[in-house]
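The next block holds one structure in the form of structure tokens; read it before the comments.
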Number of protein chains: 2
Amino acid sequence: MTEKRREKKADLKARLITAGTALVAEQGLKGLRARDIAERAGSALGGLYTVFDDLDGLVLHINSGTLKRLETALNAALPPSGDIEETFLSLSLAYLRFALAERNLWSALFEHRMPEGVAVPEWHLAEHAFLIGLIAPPLARQMPDASADDIAIRARTVFSAVHGVIAISLEGRFVGITPALLEREVAALARLLATGLQKEPPSRPLVS
Amino acid sequence: MTEKRREKKADLKARLITAGTALVAEQGLKGLRARDIAERAGSALGGLYTVFDDLDGLVLHINSGTLKRLETALNAALPPSGDIEETFLSLSLAYLRFALAERNLWSALFEHRMPEGVAVPEWHLAEHAFLIGLIAPPLARQMPDASADDIAIRARTVFSAVHGVIAISLEGRFVGITPALLEREVAALARLLATGLQKEPPSRPLVS
DNA sequence: GCATAAAAATGAACGATGTTCAAGATGTAA
DNA sequence: TTACATCTTGAACATCGTTCATTTTTATGC
């Protein structure tokens with residue numbers, strides 16, 4: 001029965017992620033402390049480092065859980081029709097509501113930085129792919145001549161634009177904006193993106 | 001001559017900001033250390049705390065300088081015509097180039113967070129206003145019935161959308177994208193925003 | 001069951017960090 | 001020059017992430 005060891009380790013890992021998630025939700029990523037996590041998870045300080053290489057490893061797993069919940073929320077918001085305008089609008093507003101509901105955890109997705117020179121592991125990068133997967137299909141219908149790569153890039157642009165509006169707003173860097181107005185802006189942008197972003201003619205020269 | 005004291009203090013402050021700016025440019029905001037700053041500025045460690053309350057105060061001033069350079073760069077990119085499409089396109093590409101040229105300093109603008117519960121000081125929030133001021137005038141011409149507040153909000157949406165595309169790309173969270181393709185996406189978005197974001201009819205209901 | 005070896009959990013200790021403050025250095029004014 | 005006020009300094013402190021010798025727990029052989 002070497003299985004008991006596996007179970008204990010898996011249990012500790014789960015408890016650490018749960019504790020870390022709760023702490024990020026309460027105090028934000030900046031307030032996350034190894035000692036607090038260990039205490040909350042009912043383990044010794046060193047226990048954390050038997051499961052993860054360092055705090056960044058734990059944060060990656062916290063963010064992984066947040067991404068899974070985001071995926072669930074966005075999938076639930078997908079309209080059955082597949083109409084691009086309806087889809088973008090519904091996804092954008094669902095994204096906004098998720099960001100508001102899980103503010104600190106959502107922020108942690110984008111605030112977290114690996115140490116200088118250390119890359120985000122491949123398995124975690126791949127977890128972001130579903131976002132493109134949600135946006136690309138209706139977009140592809142509207143860009144019949146575009147390659148799959150171009151559609152993926154354009155889908156990323158669509159996501160990034162909506163994300164930018166929400167992120168800048170919730171960061172509170174500019175003048176504040178009411179939730180209702182933020183919804184209005186997100187909706188307006190989503191509608192515009194749904195109808196306007198045809199494939200750019202590659203030959204059209206840019207302003208230098 | 002109590003002036004000599006003022007000068008020395010102002011000189012120290014300038015040296016600290018210069019040193020901090022250089023260090024952020026070289027190693028990013030995460031790599032910024034009080035001891036490194038003091039050493040490079042030729043002051044004792046404690047000197048930093050005679051000028052600033054804490055490191056956040058210094059970062060605010062570093063970011064302030066970055067914003068001023070950004071303002072200069074964007075003003076230089078303003079086309080004489082005042083045409084909205086030309087303006088948005090030119091501003092967006094200038095913003096992208098600034099972000100690429102001063103990557104770490106530009107990142108610091110948005111990465112930096114005040115400690116839990118501490119607000120960004122008013123004087124620094126106000127320094128972001130020029131961005132709205134650049135975008136609002138051509139937008140106002142296209143939204144003759146909109147209030148000044150609505151135009152400011154819409155201008156912020158325009159900035160945020162372009163910023164989002166650039167930020168997500170430079171964060172490298174999704175699959176990488178070449179600089180040329182990023183320019184293409186930014187240009188496509190800028191053009192779309194220039195022509196498409198009319199004032200939203202306030203009565204139009206949103207999808208629930 | 002018991003003894004023994006292997007593995008894992010523990011928390012004191014380490015190095016690095018931001019910040020403070022008593023002591024010394026420097027500037028101001030008579 | 002002297003006496004006072006002010007500023008500068010860097011050792012000391014508190015707190016952080018991380019390590020690792022020690023202790024405890026688990027697995028194995030008889």
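By convention in this document, the chains of the structure tokens carry letters A, B, ... by their order, each chain's residues are numbered from 1, and ligands are numbered from 1 in the order they are shown.
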TODO: Show which residues sit within 12 Å of DA12 (chain C), as a ChimeraX atom specification. Count only C-alpha atoms (C1' of nucleotides), and ignore same-chain residues fewer than 2 positions away.
DONE: /A:44-46 /C:10,14 /D:19-22
Taking C-alpha atoms (C1' of nucleotides) for each residue, export the selection above as a PDB file, in the first residue's frame.
```pdb
ATOM      1  CA  ALA A  44       3.848  22.845   8.289  1.00  0.00           C
ATOM      2  CA  LEU A  45       5.571  25.597   6.369  1.00  0.00           C
ATOM      3  CA  GLY A  46       7.902  23.178   4.663  1.00  0.00           C
TER       4      GLY A  46
ATOM      5  C1'  DT C  10       8.361  19.392  10.423  1.00  0.00           C
ATOM      6  C1'  DC C  14      19.200  31.251   6.555  1.00  0.00           C
TER       7       DC C  14
ATOM      8  C1'  DT D  19      16.180  25.126   2.756  1.00  0.00           C
ATOM      9  C1'  DC D  20      17.513  21.144   5.357  1.00  0.00           C
ATOM     10  C1'  DA D  21      18.858  18.456   9.593  1.00  0.00           C
ATOM     11  C1'  DT D  22      15.900  16.238  12.603  1.00  0.00           C
TER      12       DT D  22
END
```
Task: Expected answer as a PyMOL selection string: alpha helix (DSSP H) residues in region 46-191 of chain A - done: chain A and resi 48-51+55-77+84-101+103-111+122-126+129-142+148-171+179-191
At most 9 Å to chain A: residues in chain D, only C-alpha atoms (C1' of nucleotides), as a compact mmCIF listing (two decimals) with C-alpha atoms (C1' of nucleotides), in the first residue's frame:
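Result went into result39.txt, see below:
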```
# COMPACT_ATOMS: atom_id res chain seq x y z
C1' DC D 16 9.30 37.27 3.75
C1' DG D 17 10.47 32.82 0.65
C1' DT D 18 13.12 28.90 0.89
C1' DT D 19 16.18 25.13 2.76
C1' DT D 26 5.08 4.58 6.53
C1' DA D 27 6.50 0.39 4.11
```
Task: Within 8 Å of chain B: residues of chain A, using only C-alpha atoms, as number ranges by chain - done: A: 27, 30-31, 89-90, 111, 115-116, 120, 125-126, 128-129, 153-154, 156-157, 160-165, 168, 173-175, 177, 184-185, 187-189, 192-193, 196-197, 200, 206-207
TODO: Fewer than 4 positions away in the same chain doesn't count, so skip those; otherwise give me all residues within 12 Å of DC4 (chain D), counting only C-alpha atoms (C1' of nucleotides), as a list in words.
DONE: DG27, DT28, DA29 and DA30 of chain C
Fit chain A to chain B, all Cα atoms paired in order, least squares. Then write it as a PDB file with C-alpha atoms, in the first residue's frame.
```pdb
ATOM      1  CA  MET A   1      20.782  80.019   2.188  1.00  0.00           C
ATOM      2  CA  THR A   2      18.322  77.336   3.046  1.00  0.00           C
ATOM      3  CA  GLU A   3      18.255  76.890  -0.716  1.00  0.00           C
ATOM      4  CA  LYS A   4      21.213  74.539  -0.686  1.00  0.00           C
ATOM      5  CA  ARG A   5      19.180  72.036   1.302  1.00  0.00           C
ATOM      6  CA  ARG A   6      16.350  72.161  -1.173  1.00  0.00           C
ATOM      7  CA  GLU A   7      18.732  71.634  -4.052  1.00  0.00           C
ATOM      8  CA  LYS A   8      20.414  68.646  -2.462  1.00  0.00           C
ATOM      9  CA  LYS A   9      17.088  67.049  -1.727  1.00  0.00           C
ATOM     10  CA  ALA A  10      15.814  67.720  -5.230  1.00  0.00           C
ATOM     11  CA  ASP A  11      19.045  66.350  -6.637  1.00  0.00           C
ATOM     12  CA  LEU A  12      18.774  63.199  -4.559  1.00  0.00           C
ATOM     13  CA  LYS A  13      15.168  62.765  -5.609  1.00  0.00           C
ATOM     14  CA  ALA A  14      16.123  63.099  -9.264  1.00  0.00           C
ATOM     15  CA  ARG A  15      18.994  60.641  -8.866  1.00  0.00           C
ATOM     16  CA  LEU A  16      16.735  58.119  -7.153  1.00  0.00           C
ATOM     17  CA  ILE A  17      14.119  58.369  -9.898  1.00  0.00           C
ATOM     18  CA  THR A  18      16.786  58.049 -12.584  1.00  0.00           C
ATOM     19  CA  ALA A  19      18.308  55.041 -10.870  1.00  0.00           C
ATOM     20  CA  GLY A  20      14.918  53.441 -10.320  1.00  0.00           C
ATOM     21  CA  THR A  21      13.917  54.049 -13.917  1.00  0.00           C
ATOM     22  CA  ALA A  22      17.105  52.441 -15.194  1.00  0.00           C
ATOM     23  CA  LEU A  23      16.644  49.436 -12.926  1.00  0.00           C
ATOM     24  CA  VAL A  24      13.028  48.913 -13.956  1.00  0.00           C
ATOM     25  CA  ALA A  25      14.048  49.227 -17.604  1.00  0.00           C
ATOM     26  CA  GLU A  26      16.752  46.599 -17.109  1.00  0.00           C
ATOM     27  CA  GLN A  27      15.085  44.099 -14.822  1.00  0.00           C
ATOM     28  CA  GLY A  28      11.397  44.901 -14.705  1.00  0.00           C
ATOM     29  CA  LEU A  29       9.341  46.089 -11.775  1.00  0.00           C
ATOM     30  CA  LYS A  30       9.672  42.803  -9.913  1.00  0.00           C
ATOM     31  CA  GLY A  31      13.449  43.157  -9.848  1.00  0.00           C
ATOM     32  CA  LEU A  32      13.398  46.588  -8.236  1.00  0.00           C
ATOM     33  CA  ARG A  33      15.235  46.586  -4.883  1.00  0.00           C
ATOM     34  CA  ALA A  34      15.675  49.456  -2.471  1.00  0.00           C
ATOM     35  CA  ARG A  35      19.358  48.659  -1.925  1.00  0.00           C
ATOM     36  CA  ASP A  36      20.086  48.593  -5.661  1.00  0.00           C
ATOM     37  CA  ILE A  37      18.365  51.928  -6.167  1.00  0.00           C
ATOM     38  CA  ALA A  38      20.248  53.580  -3.322  1.00  0.00           C
ATOM     39  CA  GLU A  39      23.589  52.228  -4.491  1.00  0.00           C
ATOM     40  CA  ARG A  40      22.981  53.324  -8.077  1.00  0.00           C
ATOM     41  CA  ALA A  41      21.873  56.762  -6.946  1.00  0.00           C
ATOM     42  CA  GLY A  42      24.960  57.089  -4.748  1.00  0.00           C
ATOM     43  CA  SER A  43      23.024  57.453  -1.534  1.00  0.00           C
ATOM     44  CA  ALA A  44      22.652  55.492   1.649  1.00  0.00           C
ATOM     45  CA  LEU A  45      19.769  53.080   1.968  1.00  0.00           C
ATOM     46  CA  GLY A  46      17.912  55.350   4.334  1.00  0.00           C
ATOM     47  CA  GLY A  47      18.158  58.277   1.950  1.00  0.00           C
ATOM     48  CA  LEU A  48      15.419  56.806  -0.165  1.00  0.00           C
ATOM     49  CA  TYR A  49      13.022  57.103   2.752  1.00  0.00           C
ATOM     50  CA  THR A  50      13.830  60.751   3.337  1.00  0.00           C
ATOM     51  CA  VAL A  51      12.477  61.524  -0.134  1.00  0.00           C
ATOM     52  CA  PHE A  52       9.678  58.957  -0.534  1.00  0.00           C
ATOM     53  CA  ASP A  53       7.357  57.360   1.984  1.00  0.00           C
ATOM     54  CA  ASP A  54       8.144  53.943   0.580  1.00  0.00           C
ATOM     55  CA  LEU A  55       9.075  52.149  -2.645  1.00  0.00           C
ATOM     56  CA  ASP A  56       5.566  52.642  -3.993  1.00  0.00           C
ATOM     57  CA  GLY A  57       6.102  56.371  -3.856  1.00  0.00           C
ATOM     58  CA  LEU A  58       9.223  56.031  -5.965  1.00  0.00           C
ATOM     59  CA  VAL A  59       7.484  53.730  -8.450  1.00  0.00           C
ATOM     60  CA  LEU A  60       4.740  56.320  -8.838  1.00  0.00           C
ATOM     61  CA  HIS A  61       7.356  58.853  -9.862  1.00  0.00           C
ATOM     62  CA  ILE A  62       9.057  56.404 -12.218  1.00  0.00           C
ATOM     63  CA  ASN A  63       5.671  55.775 -13.847  1.00  0.00           C
ATOM     64  CA  SER A  64       5.048  59.487 -13.945  1.00  0.00           C
ATOM     65  CA  GLY A  65       8.148  59.938 -16.087  1.00  0.00           C
ATOM     66  CA  THR A  66       7.120  57.086 -18.364  1.00  0.00           C
ATOM     67  CA  LEU A  67       3.696  58.658 -18.838  1.00  0.00           C
ATOM     68  CA  LYS A  68       5.309  61.959 -19.790  1.00  0.00           C
ATOM     69  CA  ARG A  69       7.437  60.277 -22.435  1.00  0.00           C
ATOM     70  CA  LEU A  70       4.381  58.426 -23.676  1.00  0.00           C
ATOM     71  CA  GLU A  71       2.501  61.691 -23.911  1.00  0.00           C
ATOM     72  CA  THR A  72       5.297  63.197 -25.973  1.00  0.00           C
ATOM     73  CA  ALA A  73       5.407  60.182 -28.285  1.00  0.00           C
ATOM     74  CA  LEU A  74       1.649  60.165 -28.832  1.00  0.00           C
ATOM     75  CA  ASN A  75       1.463  63.902 -29.381  1.00  0.00           C
ATOM     76  CA  ALA A  76       4.162  63.586 -32.013  1.00  0.00           C
ATOM     77  CA  ALA A  77       2.094  60.912 -33.733  1.00  0.00           C
ATOM     78  CA  LEU A  78      -1.060  63.034 -33.976  1.00  0.00           C
ATOM     79  CA  PRO A  79      -1.807  63.635 -37.653  1.00  0.00           C
ATOM     80  CA  PRO A  80      -2.559  67.239 -38.619  1.00  0.00           C
ATOM     81  CA  SER A  81      -5.778  66.312 -40.382  1.00  0.00           C
ATOM     82  CA  GLY A  82      -7.783  65.350 -37.328  1.00  0.00           C
ATOM     83  CA  ASP A  83      -9.480  62.604 -39.303  1.00  0.00           C
ATOM     84  CA  ILE A  84     -10.651  60.021 -36.804  1.00  0.00           C
ATOM     85  CA  GLU A  85      -9.467  56.941 -38.655  1.00  0.00           C
ATOM     86  CA  GLU A  86      -6.061  58.402 -39.349  1.00  0.00           C
ATOM     87  CA  THR A  87      -5.807  59.601 -35.764  1.00  0.00           C
ATOM     88  CA  PHE A  88      -6.748  56.292 -34.137  1.00  0.00           C
ATOM     89  CA  LEU A  89      -4.481  54.354 -36.458  1.00  0.00           C
ATOM     90  CA  SER A  90      -1.520  56.610 -35.911  1.00  0.00           C
ATOM     91  CA  LEU A  91      -2.024  56.794 -32.139  1.00  0.00           C
ATOM     92  CA  SER A  92      -2.455  53.026 -31.820  1.00  0.00           C
ATOM     93  CA  LEU A  93       0.691  52.226 -33.744  1.00  0.00           C
ATOM     94  CA  ALA A  94       2.633  54.873 -31.826  1.00  0.00           C
ATOM     95  CA  TYR A  95       1.368  53.331 -28.596  1.00  0.00           C
ATOM     96  CA  LEU A  96       2.465  49.895 -29.757  1.00  0.00           C
ATOM     97  CA  ARG A  97       5.913  51.166 -30.680  1.00  0.00           C
ATOM     98  CA  PHE A  98       6.303  52.924 -27.365  1.00  0.00           C
ATOM     99  CA  ALA A  99       5.342  49.745 -25.522  1.00  0.00           C
ATOM    100  CA  LEU A 100       7.898  47.775 -27.504  1.00  0.00           C
ATOM    101  CA  ALA A 101      10.621  50.375 -27.093  1.00  0.00           C
ATOM    102  CA  GLU A 102      10.165  50.807 -23.337  1.00  0.00           C
ATOM    103  CA  ARG A 103       8.754  47.415 -22.563  1.00  0.00           C
ATOM    104  CA  ASN A 104       9.581  47.078 -18.892  1.00  0.00           C
ATOM    105  CA  LEU A 105       8.777  50.672 -18.070  1.00  0.00           C
ATOM    106  CA  TRP A 106       5.520  50.490 -19.993  1.00  0.00           C
ATOM    107  CA  SER A 107       4.647  47.242 -18.218  1.00  0.00           C
ATOM    108  CA  ALA A 108       5.352  48.858 -14.879  1.00  0.00           C
ATOM    109  CA  LEU A 109       2.593  51.376 -15.592  1.00  0.00           C
ATOM    110  CA  PHE A 110       0.030  48.598 -15.362  1.00  0.00           C
ATOM    111  CA  GLU A 111       1.736  45.997 -13.211  1.00  0.00           C
ATOM    112  CA  HIS A 112       2.215  48.232 -10.231  1.00  0.00           C
ATOM    113  CA  ARG A 113      -0.323  47.908  -7.435  1.00  0.00           C
ATOM    114  CA  MET A 114      -0.600  49.957  -4.299  1.00  0.00           C
ATOM    115  CA  PRO A 115      -0.753  47.995  -1.029  1.00  0.00           C
ATOM    116  CA  GLU A 116      -4.122  46.652   0.050  1.00  0.00           C
ATOM    117  CA  GLY A 117      -6.482  49.487   0.844  1.00  0.00           C
ATOM    118  CA  VAL A 118      -4.157  52.291  -0.272  1.00  0.00           C
ATOM    119  CA  ALA A 119      -5.455  54.347  -3.188  1.00  0.00           C
ATOM    120  CA  VAL A 120      -3.363  55.690  -6.050  1.00  0.00           C
ATOM    121  CA  PRO A 121      -2.813  59.386  -5.280  1.00  0.00           C
ATOM    122  CA  GLU A 122      -4.948  61.853  -7.167  1.00  0.00           C
ATOM    123  CA  TRP A 123      -2.028  63.646  -8.820  1.00  0.00           C
ATOM    124  CA  HIS A 124      -0.933  60.400 -10.465  1.00  0.00           C
ATOM    125  CA  LEU A 125      -4.417  59.416 -11.589  1.00  0.00           C
ATOM    126  CA  ALA A 126      -4.686  62.806 -13.251  1.00  0.00           C
ATOM    127  CA  GLU A 127      -1.546  62.112 -15.262  1.00  0.00           C
ATOM    128  CA  HIS A 128      -3.450  59.475 -17.235  1.00  0.00           C
ATOM    129  CA  ALA A 129      -6.002  61.996 -18.433  1.00  0.00           C
ATOM    130  CA  PHE A 130      -4.056  63.082 -21.513  1.00  0.00           C
ATOM    131  CA  LEU A 131      -4.828  59.706 -23.081  1.00  0.00           C
ATOM    132  CA  ILE A 132      -8.517  60.511 -23.014  1.00  0.00           C
ATOM    133  CA  GLY A 133      -7.739  64.007 -24.217  1.00  0.00           C
ATOM    134  CA  LEU A 134      -6.060  62.656 -27.333  1.00  0.00           C
ATOM    135  CA  ILE A 135      -8.887  60.340 -28.265  1.00  0.00           C
ATOM    136  CA  ALA A 136     -11.926  62.374 -27.289  1.00  0.00           C
ATOM    137  CA  PRO A 137     -11.803  65.257 -29.838  1.00  0.00           C
ATOM    138  CA  PRO A 138     -12.084  63.212 -33.038  1.00  0.00           C
ATOM    139  CA  LEU A 139     -14.583  60.970 -31.274  1.00  0.00           C
ATOM    140  CA  ALA A 140     -16.712  63.950 -30.267  1.00  0.00           C
ATOM    141  CA  ARG A 141     -16.974  65.016 -33.893  1.00  0.00           C
ATOM    142  CA  GLN A 142     -18.447  61.628 -34.649  1.00  0.00           C
ATOM    143  CA  MET A 143     -20.817  61.614 -31.674  1.00  0.00           C
ATOM    144  CA  PRO A 144     -22.434  65.044 -31.870  1.00  0.00           C
ATOM    145  CA  ASP A 145     -25.315  64.135 -29.561  1.00  0.00           C
ATOM    146  CA  ALA A 146     -23.236  62.546 -26.811  1.00  0.00           C
ATOM    147  CA  SER A 147     -22.430  64.263 -23.532  1.00  0.00           C
ATOM    148  CA  ALA A 148     -18.842  65.054 -22.593  1.00  0.00           C
ATOM    149  CA  ASP A 149     -18.978  62.293 -19.989  1.00  0.00           C
ATOM    150  CA  ASP A 150     -20.141  59.743 -22.525  1.00  0.00           C
ATOM    151  CA  ILE A 151     -17.408  60.772 -24.917  1.00  0.00           C
ATOM    152  CA  ALA A 152     -14.807  60.425 -22.186  1.00  0.00           C
ATOM    153  CA  ILE A 153     -16.112  56.962 -21.328  1.00  0.00           C
ATOM    154  CA  ARG A 154     -16.121  55.939 -24.956  1.00  0.00           C
ATOM    155  CA  ALA A 155     -12.583  57.292 -25.388  1.00  0.00           C
ATOM    156  CA  ARG A 156     -11.505  55.182 -22.455  1.00  0.00           C
ATOM    157  CA  THR A 157     -13.085  52.162 -24.067  1.00  0.00           C
ATOM    158  CA  VAL A 158     -11.174  52.834 -27.269  1.00  0.00           C
ATOM    159  CA  PHE A 159      -7.901  53.157 -25.414  1.00  0.00           C
ATOM    160  CA  SER A 160      -8.572  50.090 -23.287  1.00  0.00           C
ATOM    161  CA  ALA A 161      -9.370  47.897 -26.269  1.00  0.00           C
ATOM    162  CA  VAL A 162      -6.156  48.775 -28.086  1.00  0.00           C
ATOM    163  CA  HIS A 163      -4.197  48.563 -24.870  1.00  0.00           C
ATOM    164  CA  GLY A 164      -5.665  45.125 -24.195  1.00  0.00           C
ATOM    165  CA  VAL A 165      -4.511  43.734 -27.510  1.00  0.00           C
ATOM    166  CA  ILE A 166      -0.983  45.008 -26.963  1.00  0.00           C
ATOM    167  CA  ALA A 167      -0.816  44.033 -23.298  1.00  0.00           C
ATOM    168  CA  ILE A 168      -2.029  40.469 -23.795  1.00  0.00           C
ATOM    169  CA  SER A 169       0.441  40.063 -26.609  1.00  0.00           C
ATOM    170  CA  LEU A 170       3.459  41.390 -24.747  1.00  0.00           C
ATOM    171  CA  GLU A 171       2.562  39.410 -21.637  1.00  0.00           C
ATOM    172  CA  GLY A 172       3.060  36.340 -23.788  1.00  0.00           C
ATOM    173  CA  ARG A 173       0.256  34.508 -22.057  1.00  0.00           C
ATOM    174  CA  PHE A 174      -1.239  33.067 -25.231  1.00  0.00           C
ATOM    175  CA  VAL A 175       0.597  31.719 -28.206  1.00  0.00           C
ATOM    176  CA  GLY A 176       3.210  34.160 -29.395  1.00  0.00           C
ATOM    177  CA  ILE A 177       2.587  36.518 -32.268  1.00  0.00           C
ATOM    178  CA  THR A 178       5.064  38.231 -34.538  1.00  0.00           C
ATOM    179  CA  PRO A 179       5.477  42.010 -34.327  1.00  0.00           C
ATOM    180  CA  ALA A 180       4.210  42.380 -37.880  1.00  0.00           C
ATOM    181  CA  LEU A 181       1.012  40.482 -37.136  1.00  0.00           C
ATOM    182  CA  LEU A 182       0.543  42.426 -33.943  1.00  0.00           C
ATOM    183  CA  GLU A 183       0.763  45.652 -35.943  1.00  0.00           C
ATOM    184  CA  ARG A 184      -1.804  44.264 -38.331  1.00  0.00           C
ATOM    185  CA  GLU A 185      -4.202  43.415 -35.520  1.00  0.00           C
ATOM    186  CA  VAL A 186      -3.762  46.741 -33.786  1.00  0.00           C
ATOM    187  CA  ALA A 187      -4.307  48.565 -37.053  1.00  0.00           C
ATOM    188  CA  ALA A 188      -7.410  46.554 -37.848  1.00  0.00           C
ATOM    189  CA  LEU A 189      -8.860  47.235 -34.420  1.00  0.00           C
ATOM    190  CA  ALA A 190      -8.006  50.928 -34.565  1.00  0.00           C
ATOM    191  CA  ARG A 191      -9.746  51.308 -37.910  1.00  0.00           C
ATOM    192  CA  LEU A 192     -12.793  49.495 -36.666  1.00  0.00           C
ATOM    193  CA  LEU A 193     -13.003  51.573 -33.516  1.00  0.00           C
ATOM    194  CA  ALA A 194     -12.644  54.765 -35.508  1.00  0.00           C
ATOM    195  CA  THR A 195     -15.653  54.102 -37.644  1.00  0.00           C
ATOM    196  CA  GLY A 196     -17.851  51.771 -35.650  1.00  0.00           C
ATOM    197  CA  LEU A 197     -18.259  52.942 -32.097  1.00  0.00           C
ATOM    198  CA  GLN A 198     -21.162  55.334 -32.423  1.00  0.00           C
ATOM    199  CA  LYS A 199     -23.004  56.230 -29.283  1.00  0.00           C
ATOM    200  CA  GLU A 200     -24.957  53.258 -28.048  1.00  0.00           C
ATOM    201  CA  PRO A 201     -28.716  53.902 -28.009  1.00  0.00           C
ATOM    202  CA  PRO A 202     -29.286  53.953 -24.236  1.00  0.00           C
ATOM    203  CA  SER A 203     -32.697  52.372 -24.549  1.00  0.00           C
ATOM    204  CA  ARG A 204     -31.516  49.262 -26.341  1.00  0.00           C
ATOM    205  CA  PRO A 205     -31.843  46.399 -23.876  1.00  0.00           C
ATOM    206  CA  LEU A 206     -28.881  44.135 -23.213  1.00  0.00           C
ATOM    207  CA  VAL A 207     -29.009  40.382 -23.326  1.00  0.00           C
ATOM    208  CA  SER A 208     -29.590  39.253 -19.763  1.00  0.00           C
TER     209      SER A 208
END
```
Task: Shell around DT23 (chain D) at 12 Å using only C-alpha atoms (C1' of nucleotides), local window under 3 positions removed, as a list in words - done: DA8, DA9, DT10 and DG11 of chain C
Would you put the residues from that selection into a file with C-alpha atoms (C1' of nucleotides), as a CSV table (one decimal), in the first residue's frame?
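So selection.csv came out as:
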```csv
chain,number,residue,atom,x,y,z
C,8,DA,C1',7.9,12.3,4.2
C,9,DA,C1',6.7,16.0,7.4
C,10,DT,C1',8.4,19.4,10.4
C,11,DG,C1',9.8,24.0,11.9
```
Task: Counting only C-alpha atoms (C1' of nucleotides), chain C residues within 10 Å of chain B, as a list of chain:residue names - done: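 Written out as asked, the residues are C:DT17, C:DG18, C:DT19, C:DT20, C:DC21, C:DG27, C:DT28.
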